[in-house]
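A.B. asks: Contents of protein-v7.cif (mmCIF, C-alpha atoms; chains and numbers go by the auth columns) are below:
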data_data
#
loop_
_atom_site.group_PDB
_atom_site.id
_atom_site.type_symbol
_atom_site.label_atom_id
_atom_site.label_comp_id
_atom_site.label_asym_id
_atom_site.label_seq_id
_atom_site.Cartn_x
_atom_site.Cartn_y
_atom_site.Cartn_z
_atom_site.B_iso_or_equiv
_atom_site.auth_seq_id
_atom_site.auth_asym_id
ATOM 1 C CA MET A 1 -3.347 -11.554 21.628 0.00 470 A
ATOM 2 C CA TYR A 2 -4.704 -8.104 20.860 0.00 471 A
ATOM 3 C CA THR A 3 -5.562 -7.178 17.293 0.00 472 A
ATOM 4 C CA LYS A 4 -6.852 -3.839 16.128 0.00 473 A
ATOM 5 C CA ILE A 5 -7.781 -3.155 12.528 0.00 474 A
ATOM 6 C CA HIS A 6 -7.790 0.443 11.322 0.00 475 A
ATOM 7 C CA CYS A 7 -10.004 1.169 8.334 0.00 476 A
ATOM 8 C CA GLY A 8 -10.086 4.441 6.493 0.00 477 A
ATOM 9 C CA ASP A 9 -7.971 6.908 4.558 0.00 478 A
ATOM 10 C CA SER A 10 -4.301 6.150 5.195 0.00 479 A
ATOM 11 C CA LYS A 11 -3.425 9.858 5.217 0.00 480 A
ATOM 12 C CA ASP A 12 -5.609 10.270 8.295 0.00 481 A
ATOM 13 C CA ILE A 13 -4.843 7.003 10.062 0.00 482 A
ATOM 14 C CA VAL A 14 -1.086 6.648 9.662 0.00 483 A
ATOM 15 C CA SER A 15 -0.332 10.243 10.648 0.00 484 A
ATOM 16 C CA LYS A 16 -1.760 9.564 14.135 0.00 485 A
ATOM 17 C CA MET A 17 0.301 6.406 14.789 0.00 486 A
ATOM 18 C CA GLU A 18 3.584 6.120 16.639 0.00 487 A
ATOM 19 C CA SER A 19 6.723 4.952 14.842 0.00 488 A
ATOM 20 C CA ASN A 20 7.427 1.216 15.102 0.00 489 A
ATOM 21 C CA SER A 21 3.943 0.561 16.462 0.00 490 A
ATOM 22 C CA ILE A 22 2.265 -1.883 14.071 0.00 491 A
ATOM 23 C CA HIS A 23 2.998 -5.307 12.604 0.00 492 A
ATOM 24 C CA ALA A 24 1.410 -5.038 9.154 0.00 493 A
ATOM 25 C CA VAL A 25 0.018 -2.701 6.537 0.00 494 A
ATOM 26 C CA ILE A 26 -2.522 -4.330 4.230 0.00 495 A
ATOM 27 C CA THR A 27 -3.946 -2.031 1.603 0.00 496 A
ATOM 28 C CA ASP A 28 -5.804 -1.968 -1.670 0.00 497 A
ATOM 29 C CA ALA A 29 -4.656 1.516 -2.612 0.00 498 A
ATOM 30 C CA PRO A 30 -5.666 3.282 -5.841 0.00 499 A
ATOM 31 C CA TYR A 31 -4.094 1.562 -8.847 0.00 500 A
ATOM 32 C CA GLY A 32 -3.473 4.675 -10.924 0.00 501 A
ATOM 33 C CA ILE A 33 -5.399 3.412 -13.965 0.00 502 A
ATOM 34 C CA ASN A 34 -8.203 5.994 -14.018 0.00 503 A
ATOM 35 C CA LEU A 35 -10.809 3.312 -13.369 0.00 504 A
ATOM 36 C CA PHE A 36 -14.203 4.458 -14.670 0.00 505 A
ATOM 37 C CA GLY A 37 -12.808 8.006 -14.949 0.00 506 A
ATOM 38 C CA GLU A 38 -12.754 8.426 -11.169 0.00 507 A
ATOM 39 C CA ASN A 39 -10.482 11.182 -9.790 0.00 508 A
ATOM 40 C CA TRP A 40 -9.315 9.056 -6.849 0.00 509 A
ATOM 41 C CA ASP A 41 -7.711 6.553 -9.252 0.00 510 A
ATOM 42 C CA LYS A 42 -5.813 8.861 -11.614 0.00 511 A
ATOM 43 C CA SER A 43 -2.415 8.111 -10.078 0.00 512 A
ATOM 44 C CA LEU A 44 -0.684 5.908 -7.542 0.00 513 A
ATOM 45 C CA PRO A 45 -0.695 7.165 -3.956 0.00 514 A
ATOM 46 C CA ASP A 46 1.852 9.836 -3.099 0.00 515 A
ATOM 47 C CA ILE A 47 5.182 8.277 -2.092 0.00 516 A
ATOM 48 C CA ASN A 48 4.952 10.022 1.282 0.00 517 A
ATOM 49 C CA ILE A 49 2.060 7.748 2.230 0.00 518 A
ATOM 50 C CA TRP A 50 4.311 4.710 1.685 0.00 519 A
ATOM 51 C CA ARG A 51 7.056 6.447 3.688 0.00 520 A
ATOM 52 C CA SER A 52 4.620 6.970 6.566 0.00 521 A
ATOM 53 C CA CYS A 53 3.535 3.327 6.396 0.00 522 A
ATOM 54 C CA PHE A 54 7.162 2.199 6.512 0.00 523 A
ATOM 55 C CA ASN A 55 7.846 4.403 9.539 0.00 524 A
ATOM 56 C CA VAL A 56 4.974 3.030 11.632 0.00 525 A
ATOM 57 C CA LEU A 57 5.928 -0.607 10.996 0.00 526 A
ATOM 58 C CA ARG A 58 7.888 -2.478 13.622 0.00 527 A
ATOM 59 C CA PRO A 59 11.167 -4.095 12.547 0.00 528 A
ATOM 60 C CA GLY A 60 10.197 -7.230 10.628 0.00 529 A
ATOM 61 C CA GLY A 61 6.728 -5.868 9.868 0.00 530 A
ATOM 62 C CA PHE A 62 5.302 -6.267 6.404 0.00 531 A
ATOM 63 C CA CYS A 63 3.198 -4.521 3.822 0.00 532 A
ATOM 64 C CA VAL A 64 0.719 -6.216 1.517 0.00 533 A
ATOM 65 C CA ALA A 65 -0.195 -3.757 -1.221 0.00 534 A
ATOM 66 C CA PHE A 66 -2.507 -4.693 -4.053 0.00 535 A
ATOM 67 C CA GLY A 67 -1.733 -3.221 -7.464 0.00 536 A
ATOM 68 C CA PHE A 68 -2.686 -3.442 -11.113 0.00 537 A
ATOM 69 C CA VAL A 69 -0.688 -5.957 -13.128 0.00 538 A
ATOM 70 C CA LYS A 70 0.282 -3.569 -15.944 0.00 539 A
ATOM 71 C CA ILE A 71 1.798 -0.961 -13.625 0.00 540 A
ATOM 72 C CA TYR A 72 2.823 -3.144 -10.693 0.00 541 A
ATOM 73 C CA HIS A 73 6.431 -2.148 -11.345 0.00 542 A
ATOM 74 C CA ARG A 74 5.678 1.486 -10.460 0.00 543 A
ATOM 75 C CA LEU A 75 4.177 0.470 -7.133 0.00 544 A
ATOM 76 C CA ALA A 76 7.145 -1.812 -6.428 0.00 545 A
ATOM 77 C CA CYS A 77 9.604 1.013 -7.167 0.00 546 A
ATOM 78 C CA GLN A 78 7.778 3.366 -4.795 0.00 547 A
ATOM 79 C CA LEU A 79 7.860 0.766 -2.036 0.00 548 A
ATOM 80 C CA GLU A 80 11.567 0.087 -2.557 0.00 549 A
ATOM 81 C CA ASP A 81 12.351 3.809 -2.654 0.00 550 A
ATOM 82 C CA VAL A 82 11.033 4.263 0.897 0.00 551 A
ATOM 83 C CA GLY A 83 12.870 1.234 2.305 0.00 552 A
ATOM 84 C CA PHE A 84 10.705 -1.836 1.794 0.00 553 A
ATOM 85 C CA ASP A 85 12.322 -5.045 0.556 0.00 554 A
ATOM 86 C CA ILE A 86 10.247 -6.843 -2.060 0.00 555 A
ATOM 87 C CA LYS A 87 10.279 -10.448 -0.848 0.00 556 A
ATOM 88 C CA ASP A 88 7.388 -12.073 -2.667 0.00 557 A
ATOM 89 C CA VAL A 89 4.908 -11.145 -5.355 0.00 558 A
ATOM 90 C CA LEU A 90 1.559 -12.852 -5.703 0.00 559 A
ATOM 91 C CA CYS A 91 -0.348 -12.606 -8.964 0.00 560 A
ATOM 92 C CA TRP A 92 -4.002 -13.259 -9.533 0.00 561 A
ATOM 93 C CA ALA A 93 -4.201 -14.529 -13.091 0.00 562 A
ATOM 94 C CA TYR A 94 -7.459 -15.159 -14.855 0.00 563 A
ATOM 95 C CA ALA A 95 -8.443 -15.917 -18.416 0.00 564 A
ATOM 96 C CA THR A 96 -10.546 -13.477 -20.412 0.00 565 A
#
Starting from the file, lay out its structure as structure tokens.
C.D. replies:
Amino acid sequence: MYTKIHCGDSKDIVSKMESNSIHAVITDAPYGINLFGENWDKSLPDINIWRSCFNVLRPGGFCVAFGFVKIYHRLACQLEDVGFDIKDVLCWAYAT
């Protein structure tokens, strides 16, 4: 079995991949909550990034995308809009 993990900015990595060439996308993309006032987290990723991820996945491939609980629904809508089927949702709940 051959496994290769690509780490980096998805805009750079995914644009160089062939369609239907990977089995999984696992990402902890910006949540769009303006965490600590950082510019990189002011909004969710552009929908075209999700479209590119969908295009490089093989049939039956999957995406695991982490999101913030209060705006998870926006991430889910973006993923559905590009063709992903939401099969399962995992939540990390903790008491404060």
A.B. asks: Output the residue selection produced by the PyMOL selection byres ((chain A and resi 530) around 9) on the file above, formatted as a PDB file with C-alpha atoms, in the frame of the given file.
C.D. replies:
ATOM      1  CA  ASN A 489       7.427   1.216  15.102  1.00  0.00           C
ATOM      2  CA  ILE A 491       2.265  -1.883  14.071  1.00  0.00           C
ATOM      3  CA  HIS A 492       2.998  -5.307  12.604  1.00  0.00           C
ATOM      4  CA  ALA A 493       1.410  -5.038   9.154  1.00  0.00           C
ATOM      5  CA  VAL A 494       0.018  -2.701   6.537  1.00  0.00           C
ATOM      6  CA  PHE A 523       7.162   2.199   6.512  1.00  0.00           C
ATOM      7  CA  LEU A 526       5.928  -0.607  10.996  1.00  0.00           C
ATOM      8  CA  ARG A 527       7.888  -2.478  13.622  1.00  0.00           C
ATOM      9  CA  PRO A 528      11.167  -4.095  12.547  1.00  0.00           C
ATOM     10  CA  GLY A 529      10.197  -7.230  10.628  1.00  0.00           C
ATOM     11  CA  PHE A 531       5.302  -6.267   6.404  1.00  0.00           C
ATOM     12  CA  CYS A 532       3.198  -4.521   3.822  1.00  0.00           C
TER      13      CYS A 532
END
A.B. asks: Report, in Å to a single decimal, how far apart CA of Leu513 (chain A) and CA of Val551 (chain A) are.
C.D. replies: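 The value is 14.5 Å.
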A.B. asks: Restricting the calculation to all atoms listed in the file, which member of A:Lys539, A:Arg520, A:Lys556, A:His475 is positioned closest to Thr496 (chain A)?
C.D. replies: A:His475
A.B. asks: Counting only C-alpha atoms, figure out which residue out of A:Phe535, A:Trp509, A:Trp519, A:Tyr500 gets nearest to Cys560 (chain A).
C.D. replies: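 That would be A:Phe535, the residue with the smallest distance to Cys560 (chain A).
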A.B. asks: Once the PyMOL selection byres ((chain A and resi 540) around 12) has been applied to the shown file, what residues remain in the selection, as a list in words?
C.D. replies: Pro499, Tyr500, Gly501, Ile502, Ser512, Leu513, Phe535, Gly536, Phe537, Val538, Lys539, Tyr541, His542, Arg543, Leu544, Ala545, Cys546 and Gln547 of chain A
A.B. asks: Write out N, CA and C atoms for region 498-532 of chain A, as a compact mmCIF listing (two decimals), keeping the file's coordinate frame.
C.D. replies:
# COMPACT_ATOMS: atom_id res chain seq x y z
N ALA A 498 -4.75 0.10 -2.26
CA ALA A 498 -4.66 1.52 -2.61
C ALA A 498 -5.09 1.75 -4.06
N PRO A 499 -5.34 3.00 -4.43
CA PRO A 499 -5.67 3.28 -5.84
C PRO A 499 -4.59 2.73 -6.77
N TYR A 500 -5.02 2.21 -7.91
CA TYR A 500 -4.09 1.56 -8.85
C TYR A 500 -3.46 2.53 -9.84
N GLY A 501 -4.01 3.72 -9.98
CA GLY A 501 -3.47 4.68 -10.92
C GLY A 501 -3.82 4.36 -12.37
N ILE A 502 -5.00 3.79 -12.60
CA ILE A 502 -5.40 3.41 -13.96
C ILE A 502 -6.62 4.18 -14.44
N ASN A 503 -7.06 5.17 -13.66
CA ASN A 503 -8.20 5.99 -14.02
C ASN A 503 -9.45 5.14 -14.22
N LEU A 504 -9.68 4.23 -13.31
CA LEU A 504 -10.81 3.31 -13.37
C LEU A 504 -12.13 4.08 -13.44
N PHE A 505 -12.90 3.84 -14.46
CA PHE A 505 -14.20 4.46 -14.67
C PHE A 505 -14.14 5.99 -14.65
N GLY A 506 -12.96 6.56 -14.92
CA GLY A 506 -12.81 8.01 -14.95
C GLY A 506 -12.86 8.67 -13.58
N GLU A 507 -12.67 7.89 -12.53
CA GLU A 507 -12.75 8.43 -11.17
C GLU A 507 -11.48 9.18 -10.79
N ASN A 508 -11.63 10.37 -10.19
CA ASN A 508 -10.48 11.18 -9.79
C ASN A 508 -9.56 10.48 -8.80
N TRP A 509 -10.12 9.68 -7.89
CA TRP A 509 -9.32 9.06 -6.85
C TRP A 509 -8.36 8.01 -7.42
N ASP A 510 -8.54 7.61 -8.67
CA ASP A 510 -7.71 6.55 -9.25
C ASP A 510 -6.88 7.05 -10.44
N LYS A 511 -6.57 8.33 -10.48
CA LYS A 511 -5.81 8.86 -11.61
C LYS A 511 -4.32 8.62 -11.47
N SER A 512 -3.84 8.37 -10.27
CA SER A 512 -2.42 8.11 -10.08
C SER A 512 -2.22 7.22 -8.85
N LEU A 513 -1.02 6.68 -8.73
CA LEU A 513 -0.68 5.91 -7.54
C LEU A 513 -0.67 6.84 -6.34
N PRO A 514 -0.78 6.31 -5.14
CA PRO A 514 -0.70 7.16 -3.96
C PRO A 514 0.64 7.91 -3.91
N ASP A 515 0.63 9.06 -3.29
CA ASP A 515 1.85 9.84 -3.10
C ASP A 515 2.87 9.00 -2.33
N ILE A 516 4.13 9.09 -2.72
CA ILE A 516 5.18 8.28 -2.09
C ILE A 516 5.29 8.54 -0.59
N ASN A 517 4.88 9.72 -0.15
CA ASN A 517 4.95 10.02 1.28
C ASN A 517 4.01 9.16 2.11
N ILE A 518 2.94 8.68 1.51
CA ILE A 518 2.06 7.75 2.23
C ILE A 518 2.80 6.44 2.50
N TRP A 519 3.53 5.94 1.49
CA TRP A 519 4.31 4.71 1.68
C TRP A 519 5.41 4.94 2.73
N ARG A 520 6.01 6.11 2.71
CA ARG A 520 7.06 6.45 3.69
C ARG A 520 6.47 6.42 5.11
N SER A 521 5.28 6.98 5.26
CA SER A 521 4.62 6.97 6.57
C SER A 521 4.29 5.55 7.01
N CYS A 522 3.83 4.73 6.07
CA CYS A 522 3.54 3.33 6.40
C CYS A 522 4.80 2.61 6.86
N PHE A 523 5.89 2.84 6.15
CA PHE A 523 7.16 2.20 6.51
C PHE A 523 7.60 2.62 7.91
N ASN A 524 7.41 3.89 8.24
CA ASN A 524 7.85 4.40 9.54
C ASN A 524 7.05 3.86 10.72
N VAL A 525 5.77 3.54 10.51
CA VAL A 525 4.97 3.03 11.63
C VAL A 525 5.14 1.52 11.83
N LEU A 526 5.73 0.84 10.86
CA LEU A 526 5.93 -0.61 11.00
C LEU A 526 7.05 -0.93 11.97
N ARG A 527 6.84 -1.97 12.75
CA ARG A 527 7.89 -2.48 13.62
C ARG A 527 8.95 -3.17 12.77
N PRO A 528 10.16 -3.31 13.28
CA PRO A 528 11.17 -4.10 12.55
C PRO A 528 10.63 -5.50 12.26
N GLY A 529 10.73 -5.93 11.02
CA GLY A 529 10.20 -7.23 10.63
C GLY A 529 8.74 -7.18 10.20
N GLY A 530 8.11 -6.01 10.30
CA GLY A 530 6.73 -5.87 9.87
C GLY A 530 6.64 -5.96 8.35
N PHE A 531 5.43 -6.11 7.85
CA PHE A 531 5.30 -6.27 6.40
C PHE A 531 4.16 -5.44 5.85
N CYS A 532 4.23 -5.24 4.55
CA CYS A 532 3.20 -4.52 3.82
C CYS A 532 2.68 -5.42 2.71
